[in-house]
>>> print(open('structure31.cif').read())   # mmCIF, C-alpha atoms and all ligand atoms
data_query
#
loop_
_atom_site.label_atom_id
_atom_site.label_comp_id
_atom_site.auth_asym_id
_atom_site.auth_seq_id
_atom_site.Cartn_x
_atom_site.Cartn_y
_atom_site.Cartn_z
CA MET A 14 -1.36 75.74 -1.39
CA LYS A 15 1.95 74.22 -0.27
CA THR A 16 2.91 70.74 0.87
CA GLN A 17 6.05 68.66 1.25
CA VAL A 18 5.06 65.79 -1.06
CA ALA A 19 2.41 66.26 -3.78
CA ILE A 20 0.94 62.84 -4.61
CA ILE A 21 -0.75 62.51 -7.99
CA GLY A 22 -3.30 59.69 -7.97
CA GLY A 23 -5.48 58.40 -5.13
CA GLY A 24 -5.37 54.68 -5.95
CA PRO A 25 -3.72 52.22 -3.54
CA SER A 26 -0.15 53.49 -4.20
CA GLY A 27 -0.95 57.16 -3.59
CA LEU A 28 -3.12 56.53 -0.53
CA LEU A 29 -0.65 54.15 1.11
CA LEU A 30 2.29 56.50 0.53
CA SER A 31 0.30 59.43 1.88
CA GLN A 32 -0.75 57.51 5.00
CA LEU A 33 2.78 56.26 5.75
CA LEU A 34 4.36 59.70 5.25
CA HIS A 35 1.71 61.42 7.37
CA ARG A 36 2.46 59.04 10.25
CA ALA A 37 6.16 59.90 9.84
CA GLY A 38 5.37 63.61 10.14
CA VAL A 39 5.66 64.44 6.43
CA ASP A 40 2.87 66.56 4.92
CA THR A 41 1.19 65.38 1.70
CA VAL A 42 -1.69 66.34 -0.57
CA VAL A 43 -3.27 63.68 -2.81
CA LEU A 44 -4.77 64.76 -6.15
CA GLU A 45 -7.29 62.25 -7.58
CA ARG A 46 -8.99 62.60 -10.94
CA LYS A 47 -12.11 60.60 -10.01
CA THR A 48 -14.53 60.52 -7.06
CA LYS A 49 -13.91 58.24 -4.08
CA ASP A 50 -16.90 56.06 -5.04
CA TYR A 51 -15.52 55.61 -8.54
CA VAL A 52 -12.13 54.46 -7.22
CA LEU A 53 -13.86 52.06 -4.81
CA GLY A 54 -16.01 50.65 -7.62
CA ARG A 55 -13.02 49.24 -9.52
CA ILE A 56 -12.74 45.48 -8.98
CA ARG A 57 -9.08 44.57 -9.29
CA ALA A 58 -6.47 42.61 -7.36
CA GLY A 59 -7.25 40.05 -4.67
CA VAL A 60 -4.03 38.46 -3.40
CA LEU A 61 -1.59 40.34 -1.16
CA GLU A 62 2.01 39.47 -0.34
CA GLN A 63 3.26 39.52 3.25
CA GLY A 64 5.27 42.66 2.45
CA PHE A 65 2.07 44.44 1.54
CA VAL A 66 0.38 43.23 4.72
CA SER A 67 3.34 44.50 6.76
CA LEU A 68 3.17 47.92 5.09
CA MET A 69 -0.56 48.14 5.85
CA LYS A 70 0.31 47.35 9.49
CA GLU A 71 2.97 50.05 9.51
CA ALA A 72 0.38 52.43 8.07
CA GLY A 73 -2.00 51.54 10.94
CA CYS A 74 -4.58 50.18 8.45
CA ALA A 75 -4.44 46.41 8.89
CA ASP A 76 -7.09 45.70 11.53
CA ARG A 77 -9.93 44.83 9.15
CA MET A 78 -7.56 42.93 6.85
CA GLU A 79 -6.31 40.82 9.74
CA ARG A 80 -9.87 40.15 10.85
CA ASP A 81 -11.63 39.62 7.50
CA GLY A 82 -8.78 38.58 5.15
CA PHE A 83 -7.98 34.94 4.40
CA PRO A 84 -4.38 33.72 4.71
CA HIS A 85 -3.74 31.09 2.00
CA GLU A 86 -0.93 28.59 2.46
CA GLY A 87 -0.97 27.19 -1.07
CA THR A 88 -2.60 27.16 -4.49
CA GLN A 89 -3.87 24.58 -6.96
CA ILE A 90 -2.47 24.42 -10.49
CA ALA A 91 -4.18 22.32 -13.16
CA PHE A 92 -3.43 21.21 -16.71
CA GLY A 93 -6.11 19.14 -18.37
CA GLU A 94 -7.50 16.80 -15.70
CA THR A 95 -4.26 16.87 -13.66
CA ALA A 96 -4.21 19.15 -10.61
CA PHE A 97 -1.41 19.64 -8.07
CA ARG A 98 -0.86 21.88 -5.09
CA VAL A 99 2.04 24.24 -4.44
CA ASP A 100 2.43 24.51 -0.68
CA PHE A 101 3.71 28.05 0.01
CA ALA A 102 3.86 27.55 3.77
CA ALA A 103 5.97 24.37 3.55
CA LEU A 104 8.24 25.70 0.80
CA THR A 105 8.78 29.27 2.00
CA GLY A 106 7.24 29.52 5.47
CA THR A 107 5.05 32.36 4.21
CA PRO A 108 1.36 32.52 3.26
CA VAL A 109 -0.38 35.11 1.05
CA MET A 110 -3.44 37.10 2.11
CA VAL A 111 -6.69 37.03 0.14
CA TYR A 112 -8.19 40.50 0.64
CA GLY A 113 -9.52 42.61 -2.23
CA GLN A 114 -7.99 45.81 -3.57
CA THR A 115 -11.39 47.45 -3.04
CA GLU A 116 -11.17 46.71 0.68
CA VAL A 117 -7.52 47.84 0.88
CA THR A 118 -8.50 51.13 -0.73
CA ARG A 119 -11.55 51.51 1.54
CA ASP A 120 -9.34 51.00 4.63
CA LEU A 121 -6.78 53.53 3.35
CA TYR A 122 -9.45 56.15 2.63
CA ALA A 123 -10.90 55.63 6.13
CA ALA A 124 -7.45 56.07 7.70
CA ARG A 125 -6.72 59.19 5.62
CA GLU A 126 -10.04 60.72 6.67
CA GLN A 127 -9.46 59.88 10.32
CA MET A 128 -6.13 61.75 10.23
CA ASP A 129 -7.60 64.67 8.25
CA GLY A 130 -5.37 63.80 5.32
CA LYS A 131 -5.76 66.16 2.39
CA ILE A 132 -7.26 64.58 -0.75
CA GLU A 133 -8.59 66.66 -3.65
CA TYR A 134 -11.06 64.70 -5.78
CA GLU A 135 -12.19 65.29 -9.37
CA VAL A 136 -9.04 67.21 -10.28
CA GLU A 137 -8.60 67.96 -13.98
CA ASN A 138 -5.73 69.07 -16.21
CA VAL A 139 -3.04 68.09 -13.71
CA THR A 140 0.25 69.56 -15.00
CA ILE A 141 3.66 69.08 -13.42
CA HIS A 142 6.07 72.05 -13.56
CA ASP A 143 9.84 72.19 -12.93
CA ALA A 144 10.20 68.63 -11.66
CA ASP A 145 13.89 68.86 -12.56
CA GLY A 146 14.37 72.15 -10.67
CA ASP A 147 14.46 73.13 -6.98
CA ALA A 148 10.87 74.42 -6.68
CA PRO A 149 8.43 72.12 -8.46
CA CYS A 150 4.67 72.65 -8.45
CA VAL A 151 1.49 71.13 -9.83
CA THR A 152 -1.35 73.10 -11.40
CA TYR A 153 -4.83 71.62 -11.80
CA ALA A 154 -8.49 72.56 -11.86
CA VAL A 155 -11.38 71.50 -9.62
CA HIS A 156 -14.87 72.19 -11.02
CA GLY A 157 -13.41 74.78 -13.35
CA GLN A 158 -11.41 76.57 -10.63
CA GLU A 159 -7.64 76.76 -11.29
CA ARG A 160 -5.34 75.76 -8.41
CA ARG A 161 -1.63 75.48 -7.71
CA LEU A 162 0.20 73.21 -5.30
CA ASP A 163 3.85 73.99 -4.47
CA CYS A 164 5.91 71.12 -3.09
CA ASP A 165 9.38 69.73 -2.36
CA PHE A 166 8.76 66.42 -4.16
CA LEU A 167 6.19 64.83 -6.47
CA ALA A 168 5.04 61.21 -6.31
CA GLY A 169 3.52 60.04 -9.59
CA CYS A 170 1.02 57.39 -8.40
CA ASP A 171 -1.47 57.99 -11.21
CA GLY A 172 -1.52 54.61 -12.90
CA PHE A 173 -0.67 53.59 -16.46
CA HIS A 174 -2.74 56.34 -18.12
CA GLY A 175 -1.67 59.15 -15.78
CA VAL A 176 0.31 62.32 -16.55
CA SER A 177 3.36 61.72 -14.36
CA ARG A 178 5.27 59.30 -16.58
CA LYS A 179 4.55 61.42 -19.64
CA SER A 180 5.99 64.46 -17.84
CA ILE A 181 9.45 62.88 -18.05
CA PRO A 182 11.06 64.04 -21.31
CA GLU A 183 11.12 61.44 -24.06
CA ASP A 184 14.88 61.61 -24.41
CA VAL A 185 15.23 60.62 -20.75
CA ARG A 186 12.59 57.84 -20.72
CA ARG A 187 13.16 54.27 -21.93
CA GLU A 188 10.05 52.11 -22.26
CA TYR A 189 9.86 48.33 -22.58
CA GLU A 190 6.59 46.68 -23.54
CA LYS A 191 5.01 43.37 -24.48
CA VAL A 192 1.33 43.15 -25.40
CA TYR A 193 -0.17 39.65 -25.13
CA PRO A 194 -2.56 38.37 -27.82
CA TYR A 195 -5.34 37.68 -25.28
CA GLY A 196 -7.29 39.27 -22.43
CA TRP A 197 -9.08 38.20 -19.25
CA LEU A 198 -12.83 38.18 -18.87
CA GLY A 199 -13.56 38.56 -15.13
CA VAL A 200 -16.76 37.82 -13.22
CA LEU A 201 -17.58 38.57 -9.59
CA SER A 202 -20.47 36.59 -8.11
CA GLU A 203 -22.05 36.18 -4.70
CA THR A 204 -21.45 32.45 -4.63
CA PRO A 205 -19.15 30.27 -2.49
CA PRO A 206 -15.69 29.70 -4.07
CA VAL A 207 -15.18 26.39 -5.88
CA ASP A 208 -12.34 25.47 -3.49
CA HIS A 209 -10.78 26.86 -0.31
CA GLU A 210 -7.68 27.87 -2.34
CA LEU A 211 -7.15 29.46 -5.77
CA LEU A 212 -7.07 27.29 -8.90
CA TYR A 213 -5.00 28.28 -11.97
CA SER A 214 -5.92 26.09 -14.93
CA ASN A 215 -4.26 25.59 -18.34
CA SER A 216 -6.92 23.85 -20.45
CA GLU A 217 -7.03 23.17 -24.15
CA ARG A 218 -9.81 25.78 -24.38
CA GLY A 219 -7.58 28.42 -22.73
CA PHE A 220 -6.67 29.63 -19.25
CA ALA A 221 -9.10 29.87 -16.32
CA LEU A 222 -8.63 31.15 -12.77
CA CYS A 223 -10.93 30.47 -9.82
CA SER A 224 -10.30 33.05 -7.11
CA MET A 225 -12.31 34.58 -4.30
CA ARG A 226 -12.85 37.52 -1.98
CA ASN A 227 -14.66 35.72 0.90
CA GLU A 228 -16.83 32.68 1.70
CA ASN A 229 -19.67 34.01 -0.39
CA LEU A 230 -17.90 36.14 -3.00
CA SER A 231 -16.07 34.47 -5.86
CA ARG A 232 -13.88 35.95 -8.58
CA TYR A 233 -13.41 33.97 -11.80
CA TYR A 234 -11.44 34.74 -14.95
CA LEU A 235 -11.37 33.24 -18.43
CA GLN A 236 -8.75 33.89 -21.09
CA CYS A 237 -10.56 35.57 -23.99
CA SER A 238 -9.59 37.01 -27.35
CA LEU A 239 -8.96 40.74 -27.64
CA ASP A 240 -11.95 41.37 -29.90
CA GLU A 241 -14.51 39.85 -27.51
CA LYS A 242 -17.01 42.15 -25.79
CA VAL A 243 -18.45 41.78 -22.29
CA GLU A 244 -21.96 42.01 -23.84
CA ASP A 245 -21.20 38.87 -25.86
CA TRP A 246 -20.91 36.85 -22.65
CA SER A 247 -24.13 35.92 -20.83
CA ASP A 248 -23.67 34.58 -17.30
CA ALA A 249 -24.80 31.14 -18.50
CA ALA A 250 -22.16 31.12 -21.26
CA PHE A 251 -19.46 32.19 -18.77
CA TRP A 252 -20.26 29.39 -16.29
CA GLU A 253 -20.52 26.81 -19.08
CA GLU A 254 -17.09 27.79 -20.43
CA LEU A 255 -15.50 27.90 -16.97
CA LYS A 256 -16.69 24.35 -16.24
CA ARG A 257 -15.08 23.16 -19.46
CA ARG A 258 -11.72 24.72 -18.55
CA ILE A 259 -11.22 23.23 -15.06
CA PRO A 260 -10.76 19.59 -14.02
CA GLN A 261 -14.01 17.64 -13.53
CA GLN A 262 -13.43 17.33 -9.74
CA PHE A 263 -13.66 21.15 -9.48
CA ALA A 264 -16.36 21.63 -12.15
CA ASP A 265 -18.61 19.27 -10.18
CA LYS A 266 -18.33 21.55 -7.12
CA LEU A 267 -18.83 24.86 -8.96
CA VAL A 268 -21.75 26.89 -7.59
CA THR A 269 -23.03 29.37 -10.19
CA GLY A 270 -25.17 32.48 -9.77
CA PRO A 271 -25.76 35.93 -11.25
CA SER A 272 -22.65 38.01 -11.92
CA ILE A 273 -22.44 41.30 -10.02
CA GLU A 274 -19.53 42.57 -12.14
CA LYS A 275 -18.18 41.51 -15.51
CA SER A 276 -15.25 43.12 -17.33
CA ILE A 277 -12.49 42.45 -19.84
CA ALA A 278 -8.86 43.52 -19.27
CA PRO A 279 -6.05 43.28 -21.84
CA LEU A 280 -2.72 41.75 -20.72
CA ARG A 281 0.45 43.77 -20.94
CA SER A 282 4.01 43.84 -19.60
CA PHE A 283 5.48 47.36 -19.40
CA VAL A 284 8.40 49.04 -17.64
CA THR A 285 9.63 52.62 -17.86
CA GLU A 286 13.13 53.65 -16.80
CA PRO A 287 14.23 55.60 -14.85
CA MET A 288 11.57 55.80 -12.14
CA ARG A 289 12.89 59.17 -10.94
CA TRP A 290 13.39 62.41 -12.79
CA GLY A 291 14.62 65.28 -10.62
CA ARG A 292 12.07 65.66 -7.83
CA LEU A 293 9.45 63.43 -9.49
CA PHE A 294 9.25 59.76 -8.44
CA LEU A 295 7.04 57.23 -10.25
CA CYS A 296 5.27 54.58 -8.19
CA GLY A 297 3.14 51.53 -9.09
CA ASP A 298 1.24 51.26 -12.39
CA ALA A 299 2.53 54.70 -13.44
CA ALA A 300 5.93 53.02 -13.94
CA HIS A 301 5.17 49.37 -14.67
CA ILE A 302 2.43 46.94 -15.62
CA VAL A 303 2.42 43.15 -15.36
CA PRO A 304 -0.03 40.66 -16.86
CA PRO A 305 -2.28 39.67 -13.93
CA THR A 306 -1.34 35.94 -13.75
CA GLY A 307 0.22 35.61 -10.29
CA ALA A 308 -1.40 38.77 -8.87
CA LYS A 309 1.70 40.95 -8.87
CA GLY A 310 0.34 44.37 -10.02
CA LEU A 311 -0.76 45.75 -6.69
CA ASN A 312 2.04 43.99 -4.83
CA SER A 313 4.79 45.55 -6.94
CA ALA A 314 3.14 48.94 -6.45
CA ALA A 315 3.53 48.32 -2.71
CA SER A 316 7.25 47.59 -2.97
CA ASP A 317 7.77 50.94 -4.75
CA VAL A 318 5.82 52.65 -1.97
CA HIS A 319 8.05 50.93 0.59
CA TYR A 320 11.27 52.21 -1.05
CA LEU A 321 9.93 55.72 -1.65
CA TYR A 322 8.45 56.05 1.82
CA HIS A 323 11.77 55.14 3.45
CA ALA A 324 13.72 57.41 1.09
CA LEU A 325 11.53 60.45 1.86
CA LYS A 326 11.32 59.66 5.57
CA ASP A 327 15.13 59.53 5.80
CA PHE A 328 15.44 62.77 3.85
CA TYR A 329 13.07 64.67 6.11
CA ALA A 330 14.46 63.10 9.31
CA SER A 331 18.15 63.77 8.69
CA GLY A 332 18.72 65.20 5.21
CA ASP A 333 20.02 61.78 4.11
CA GLU A 334 19.61 61.69 0.29
CA ARG A 335 20.88 58.16 -0.31
CA GLY A 336 17.37 56.66 -0.43
CA ILE A 337 16.18 59.29 -2.87
CA ASP A 338 19.22 58.84 -5.10
CA GLY A 339 18.97 55.06 -5.00
CA TYR A 340 15.17 54.85 -5.41
CA SER A 341 14.96 54.20 -9.15
CA ALA A 342 17.67 51.52 -9.28
CA LYS A 343 16.40 49.76 -6.15
CA ALA A 344 12.75 49.75 -7.24
CA LEU A 345 13.60 48.66 -10.80
CA ALA A 346 15.78 45.75 -9.64
CA ARG A 347 12.74 44.21 -7.95
CA VAL A 348 10.30 45.29 -10.66
CA TRP A 349 12.21 43.38 -13.36
CA LYS A 350 12.17 40.18 -11.31
CA VAL A 351 8.42 40.53 -10.81
CA GLU A 352 8.02 41.22 -14.54
CA ARG A 353 9.88 37.99 -15.25
CA PHE A 354 7.68 35.94 -12.95
CA SER A 355 4.42 37.38 -14.30
CA TRP A 356 5.59 36.86 -17.90
CA TRP A 357 6.70 33.29 -17.15
CA PHE A 358 3.49 32.33 -15.34
CA SER A 359 1.32 33.94 -18.06
CA SER A 360 3.26 32.15 -20.81
CA LEU A 361 2.97 28.85 -18.96
CA MET A 362 -0.79 29.01 -18.41
CA HIS A 363 -2.29 30.50 -21.62
CA ARG A 364 -2.94 28.96 -25.03
CA THR A 365 -2.43 31.03 -28.16
CA ALA A 366 -3.68 30.56 -31.71
CA ASP A 367 -0.15 30.66 -33.10
CA GLN A 368 1.21 28.12 -30.61
CA SER A 369 2.92 25.27 -32.48
CA ALA A 370 2.63 21.64 -31.43
CA PHE A 371 6.21 21.91 -30.13
CA ASP A 372 5.41 25.04 -28.08
CA HIS A 373 2.46 23.20 -26.58
CA ARG A 374 4.60 20.19 -25.64
CA MET A 375 7.10 22.54 -23.98
CA GLN A 376 4.28 24.05 -21.90
CA MET A 377 3.08 20.58 -20.85
CA ALA A 378 6.64 19.44 -20.06
CA GLU A 379 7.18 22.49 -17.89
CA LEU A 380 3.88 21.89 -16.06
CA GLU A 381 4.82 18.21 -15.52
CA PHE A 382 8.18 19.35 -14.15
CA LEU A 383 6.54 21.90 -11.86
CA ALA A 384 4.09 19.24 -10.65
CA SER A 385 6.90 16.85 -9.73
CA SER A 386 9.92 18.93 -8.73
CA GLU A 387 10.18 20.47 -5.30
CA ALA A 388 12.95 22.77 -6.57
CA ALA A 389 10.67 24.12 -9.34
CA GLN A 390 7.80 24.57 -6.89
CA ARG A 391 10.05 26.35 -4.44
CA ALA A 392 11.14 28.84 -7.13
CA MET A 393 7.49 29.42 -8.05
CA ALA A 394 6.39 29.75 -4.42
CA GLU A 395 9.23 32.16 -3.59
CA ASN A 396 8.04 34.52 -6.33
CA TYR A 397 4.33 34.03 -5.63
CA VAL A 398 4.53 34.89 -1.92
CA GLY A 399 6.69 37.90 -2.78
CA LEU A 400 10.41 38.56 -3.21
CA PRO A 401 12.05 40.41 -0.32
CA TYR A 402 12.09 44.22 -0.38
P1 LIG A 501 -4.13 52.78 -9.93
O1 LIG A 501 -4.90 51.81 -9.11
O2 LIG A 501 -4.35 52.79 -11.41
O3 LIG A 501 -4.43 54.22 -9.35
C1 LIG A 501 -4.08 55.39 -10.03
C2 LIG A 501 -5.03 56.49 -9.62
O4 LIG A 501 -4.63 57.69 -10.26
C3 LIG A 501 -6.46 56.23 -10.05
O5 LIG A 501 -7.33 56.36 -8.96
C4 LIG A 501 -6.72 57.24 -11.15
O6 LIG A 501 -8.07 57.66 -11.18
C5 LIG A 501 -5.76 58.36 -10.77
N1 LIG A 501 -5.32 59.17 -11.89
C6 LIG A 501 -5.04 58.79 -13.15
N2 LIG A 501 -4.66 59.83 -13.89
C7 LIG A 501 -4.70 60.91 -13.09
C8 LIG A 501 -4.42 62.29 -13.28
N3 LIG A 501 -4.02 62.74 -14.46
N4 LIG A 501 -4.56 63.11 -12.24
C9 LIG A 501 -4.95 62.65 -11.03
N5 LIG A 501 -5.25 61.36 -10.79
C10 LIG A 501 -5.11 60.50 -11.81
N6 LIG A 501 -3.52 43.35 -10.13
C11 LIG A 501 -3.51 42.20 -9.52
O7 LIG A 501 -2.57 41.96 -8.75
N7 LIG A 501 -4.55 41.30 -9.69
C12 LIG A 501 -5.62 41.59 -10.50
O8 LIG A 501 -6.54 40.80 -10.64
C13 LIG A 501 -5.65 42.81 -11.18
N8 LIG A 501 -6.68 43.14 -12.00
C14 LIG A 501 -6.63 44.34 -12.67
C15 LIG A 501 -7.66 44.70 -13.54
C16 LIG A 501 -7.62 45.92 -14.24
C17 LIG A 501 -8.75 46.29 -15.20
C18 LIG A 501 -6.51 46.79 -14.06
C19 LIG A 501 -6.44 48.12 -14.81
C20 LIG A 501 -5.51 46.44 -13.17
C21 LIG A 501 -5.55 45.22 -12.48
N9 LIG A 501 -4.54 44.84 -11.59
C22 LIG A 501 -4.55 43.67 -10.96
C23 LIG A 501 -3.42 45.69 -11.30
C24 LIG A 501 -3.63 46.45 -10.00
O9 LIG A 501 -4.98 46.76 -9.82
C25 LIG A 501 -2.76 47.67 -10.08
O10 LIG A 501 -1.43 47.23 -10.14
C26 LIG A 501 -2.95 48.64 -8.91
O11 LIG A 501 -4.22 49.22 -8.97
C27 LIG A 501 -1.87 49.71 -8.97
O12 LIG A 501 -2.17 50.72 -8.09
P2 LIG A 501 -1.77 52.21 -8.40
O13 LIG A 501 -2.26 53.00 -7.24
O14 LIG A 501 -0.35 52.26 -8.78
O15 LIG A 501 -2.57 52.60 -9.72
C1 LIG A 502 -6.77 37.37 -8.60
C2 LIG A 502 -6.19 37.91 -9.70
C3 LIG A 502 -5.02 37.36 -10.16
O1 LIG A 502 -4.41 37.87 -11.22
C4 LIG A 502 -4.43 36.29 -9.54
O2 LIG A 502 -3.29 35.75 -10.04
C5 LIG A 502 -5.00 35.78 -8.43
C6 LIG A 502 -6.18 36.33 -7.96
C7 LIG A 502 -8.04 37.94 -8.11
O3 LIG A 502 -8.51 38.93 -8.65
O4 LIG A 502 -8.61 37.38 -7.17
#
>>> encode(input="structure31.cif", output="structure tokens")
Amino acid sequence: MKTQVAIIGGGPSGLLLSQLLHRAGVDTVVLERKTKDYVLGRIRAGVLEQGFVSLMKEAGCADRMERDGFPHEGTQIAFGETAFRVDFAALTGTPVMVYGQTEVTRDLYAAREQMDGKIEYEVENVTIHDADGDAPCVTYAVHGQERRLDCDFLAGCDGFHGVSRKSIPEDVRREYEKVYPYGWLGVLSETPPVDHELLYSNSERGFALCSMRNENLSRYYLQCSLDEKVEDWSDAAFWEELKRRIPQQFADKLVTGPSIEKSIAPLRSFVTEPMRWGRLFLCGDAAHIVPPTGAKGLNSAASDVHYLYHALKDFYASGDERGIDGYSAKALARVWKVERFSWWFSSLMHRTADQSAFDHRMQMAELEFLASSEAAQRAMAENYVGLPY
């Protein structure tokens, strides 16, 4: 088989890139290790930047998002019993969109199917060949049958554990990593959200986040230690702990119910450089990971897709290679700023066992400053709603 752009990974990055390129007349094949149902079963991000929304529009996939998504003009931040609001609309003129990654992925799959986009599911042993030469290809197997896909370019959209990043030789790759000494225990429940906006809470018992998907679907997270197991947390224990970590005014309004999903995720910051090697381009989690505080994972994947889509579109339209040559530097410049924000917001909101009394006072002083300074809130809001592409 032959295509122009072979896309490894059928998560949001791979699907969005494929859809945008197809609409620009560029042929792609997406290779996904799992089944479609498996990909759709992963409960992940929930807050989308305007840039992401615009890309979905450009991809012709935004109708359901515009109808069923919830624009949010601000968020609540709490420390102890103090809560304050950061007004994104007033400070930046831009809202964010609450619409789940599951729904984004569902819309992208539907669009790909409607256009007869080529997606191979359950691919195994994906191996990239000659990415630094003129005629790269990918070999893989489907249900034991060996296949080969020749291409002009490769997009590595296969997440943190994929093969693409590891295909770049070690003497070319530089990796930067920080592993945080805590994780997030997440619960999805068919209950109304505690408030009409999100609530990020720094409590003396650890961080808590009250988020949502719609009027009757809530997403909650608790900071947990890395050795805790999902099985150790009954629903009753989760709700009890959540109530203790948010201000009383919110705890009093909390509606509890059975969880329909419960999972633990570790927190990590990670960046690999460069994001291009020959004809292979890394996109999204394949190249960088942020801790989830501030909901930047999926959104920074989208900014990579934006740069790569324009680079490839320009190349195929006119042979212009400037976008391709500039991709890694351009994407990384934004990635590092997003890494900084996610690291800052995580550090501000979590408690750690080794935190000294001084460190704790610094956290509280910074929260007091954020609560009272418009300049500090503006800087936070600017990052939260999404830096420009
Ligand atoms: P992925 O979504 O990881 O997609 C990669 C795809 O590649 C997958 O479908 C995978 O099956 C496939 N693949 C992997 N290896 C291969 C291979 N060898 N061959 C073929 N296919 C392969 N972000 C937020 O903003 N907010 C959140 O609350 C949040 N929660 C998260 C919770 C978890 C547990 C995780 C892991 C991430 C979370 N994120 C969150 C981050 C966000 O979901 C990711 O940034 C986003 O999914 C990145 O999209 P992607 O397409 O780059 O990668
Ligand atoms: C969600 C996750 C986040 O990390 C965040 O900062 C906001 C919302 C969510 O899953 O809803």
>>> residues_around(input="structure31.cif", residues="A:Cys164", least_positions_apart="6", cutoff="12 Å", atoms="only C-alpha atoms", output="PDB file with C-alpha atoms, keeping the file's coordinate frame")
ATOM      1  CA  MET A  14      -1.360  75.740  -1.390  1.00  0.00           C
ATOM      2  CA  LYS A  15       1.950  74.220  -0.270  1.00  0.00           C
ATOM      3  CA  THR A  16       2.910  70.740   0.870  1.00  0.00           C
ATOM      4  CA  GLN A  17       6.050  68.660   1.250  1.00  0.00           C
ATOM      5  CA  VAL A  18       5.060  65.790  -1.060  1.00  0.00           C
ATOM      6  CA  ALA A  19       2.410  66.260  -3.780  1.00  0.00           C
ATOM      7  CA  ILE A  20       0.940  62.840  -4.610  1.00  0.00           C
ATOM      8  CA  ILE A  21      -0.750  62.510  -7.990  1.00  0.00           C
ATOM      9  CA  VAL A  39       5.660  64.440   6.430  1.00  0.00           C
ATOM     10  CA  ASP A  40       2.870  66.560   4.920  1.00  0.00           C
ATOM     11  CA  THR A  41       1.190  65.380   1.700  1.00  0.00           C
ATOM     12  CA  VAL A  42      -1.690  66.340  -0.570  1.00  0.00           C
ATOM     13  CA  VAL A  43      -3.270  63.680  -2.810  1.00  0.00           C
ATOM     14  CA  ILE A 141       3.660  69.080 -13.420  1.00  0.00           C
ATOM     15  CA  HIS A 142       6.070  72.050 -13.560  1.00  0.00           C
ATOM     16  CA  ASP A 143       9.840  72.190 -12.930  1.00  0.00           C
ATOM     17  CA  ALA A 144      10.200  68.630 -11.660  1.00  0.00           C
ATOM     18  CA  GLY A 146      14.370  72.150 -10.670  1.00  0.00           C
ATOM     19  CA  ASP A 147      14.460  73.130  -6.980  1.00  0.00           C
ATOM     20  CA  ALA A 148      10.870  74.420  -6.680  1.00  0.00           C
ATOM     21  CA  PRO A 149       8.430  72.120  -8.460  1.00  0.00           C
ATOM     22  CA  CYS A 150       4.670  72.650  -8.450  1.00  0.00           C
ATOM     23  CA  VAL A 151       1.490  71.130  -9.830  1.00  0.00           C
ATOM     24  CA  THR A 152      -1.350  73.100 -11.400  1.00  0.00           C
ATOM     25  CA  ARG A 292      12.070  65.660  -7.830  1.00  0.00           C
ATOM     26  CA  LEU A 293       9.450  63.430  -9.490  1.00  0.00           C
TER      27      LEU A 293
END
>>> closest_residue(input="structure31.cif", among="A:Trp252, A:Trp290, A:Trp356, A:Tyr112", to="ligand LIG 502 (chain A)", atoms="only C-alpha atoms and all ligand atoms")
A:Tyr112
>>> closest_residue(input="structure31.cif", among="A:Ser26, A:Ser369, A:Asn215, A:Ser31", to="ligand LIG 501 (chain A)", atoms="only C-alpha atoms and all ligand atoms")
A:Ser26
>>> closest_atom_pairs(input="structure31.cif", of="chain A", to="ligand LIG 502 (chain A)", cutoff="9 Å", atoms="all atoms listed in the file", output="tab-separated table")
residue	atom	partner	partner_atom	distance
A:Ile56	CA	A:LIG502	O3	7.8
A:Arg57	CA	A:LIG502	O3	5.7
A:Ala58	CA	A:LIG502	O3	4.4
A:Gly59	CA	A:LIG502	O4	3.9
A:Val60	CA	A:LIG502	C6	5.5
A:Val111	CA	A:LIG502	O4	7.6
A:Tyr112	CA	A:LIG502	O4	8.4
A:Gly113	CA	A:LIG502	O4	7.3
A:Gln114	CA	A:LIG502	O3	8.6
A:Gly199	CA	A:LIG502	O3	8.2
A:Leu211	CA	A:LIG502	C5	7.2
A:Leu212	CA	A:LIG502	C5	8.8
A:Tyr213	CA	A:LIG502	O2	7.9
A:Leu222	CA	A:LIG502	C5	7.3
A:Cys223	CA	A:LIG502	O4	7.8
A:Ser224	CA	A:LIG502	O4	4.6
A:Met225	CA	A:LIG502	O4	5.5
A:Arg226	CA	A:LIG502	O4	6.7
A:Ser231	CA	A:LIG502	O4	8.1
A:Arg232	CA	A:LIG502	O4	5.6
A:Tyr233	CA	A:LIG502	O4	7.5
A:Tyr234	CA	A:LIG502	C2	8.1
A:Pro304	CA	A:LIG502	O1	7.7
A:Pro305	CA	A:LIG502	O1	3.9
A:Thr306	CA	A:LIG502	O2	4.2
A:Gly307	CA	A:LIG502	O2	3.5
A:Ala308	CA	A:LIG502	O2	3.7
A:Lys309	CA	A:LIG502	O1	7.2
A:Gly310	CA	A:LIG502	O1	8.1
A:Ser355	CA	A:LIG502	O2	9.0
A:Tyr397	CA	A:LIG502	O2	9.0
>>> closest_residue(input="structure31.cif", among="A:Leu30, A:Ala392, A:Val185, A:Ala91", to="A:Ala221", atoms="all atoms listed in the file")
A:Ala91
>>> closest_residue(input="structure31.cif", among="A:Gly82, A:Pro260, A:Gly24, A:Gly106", to="A:Phe173", atoms="all atoms listed in the file")
A:Gly24
>>> atom_distance(input="structure31.cif", atom1="atom CA of A:Ile302", atom2="atom CA of A:Thr88")
23.2 Å
>>> atom_distance(input="structure31.cif", atom1="atom CA of A:Ala384", atom2="atom CA of A:Ser216")
15.4 Å
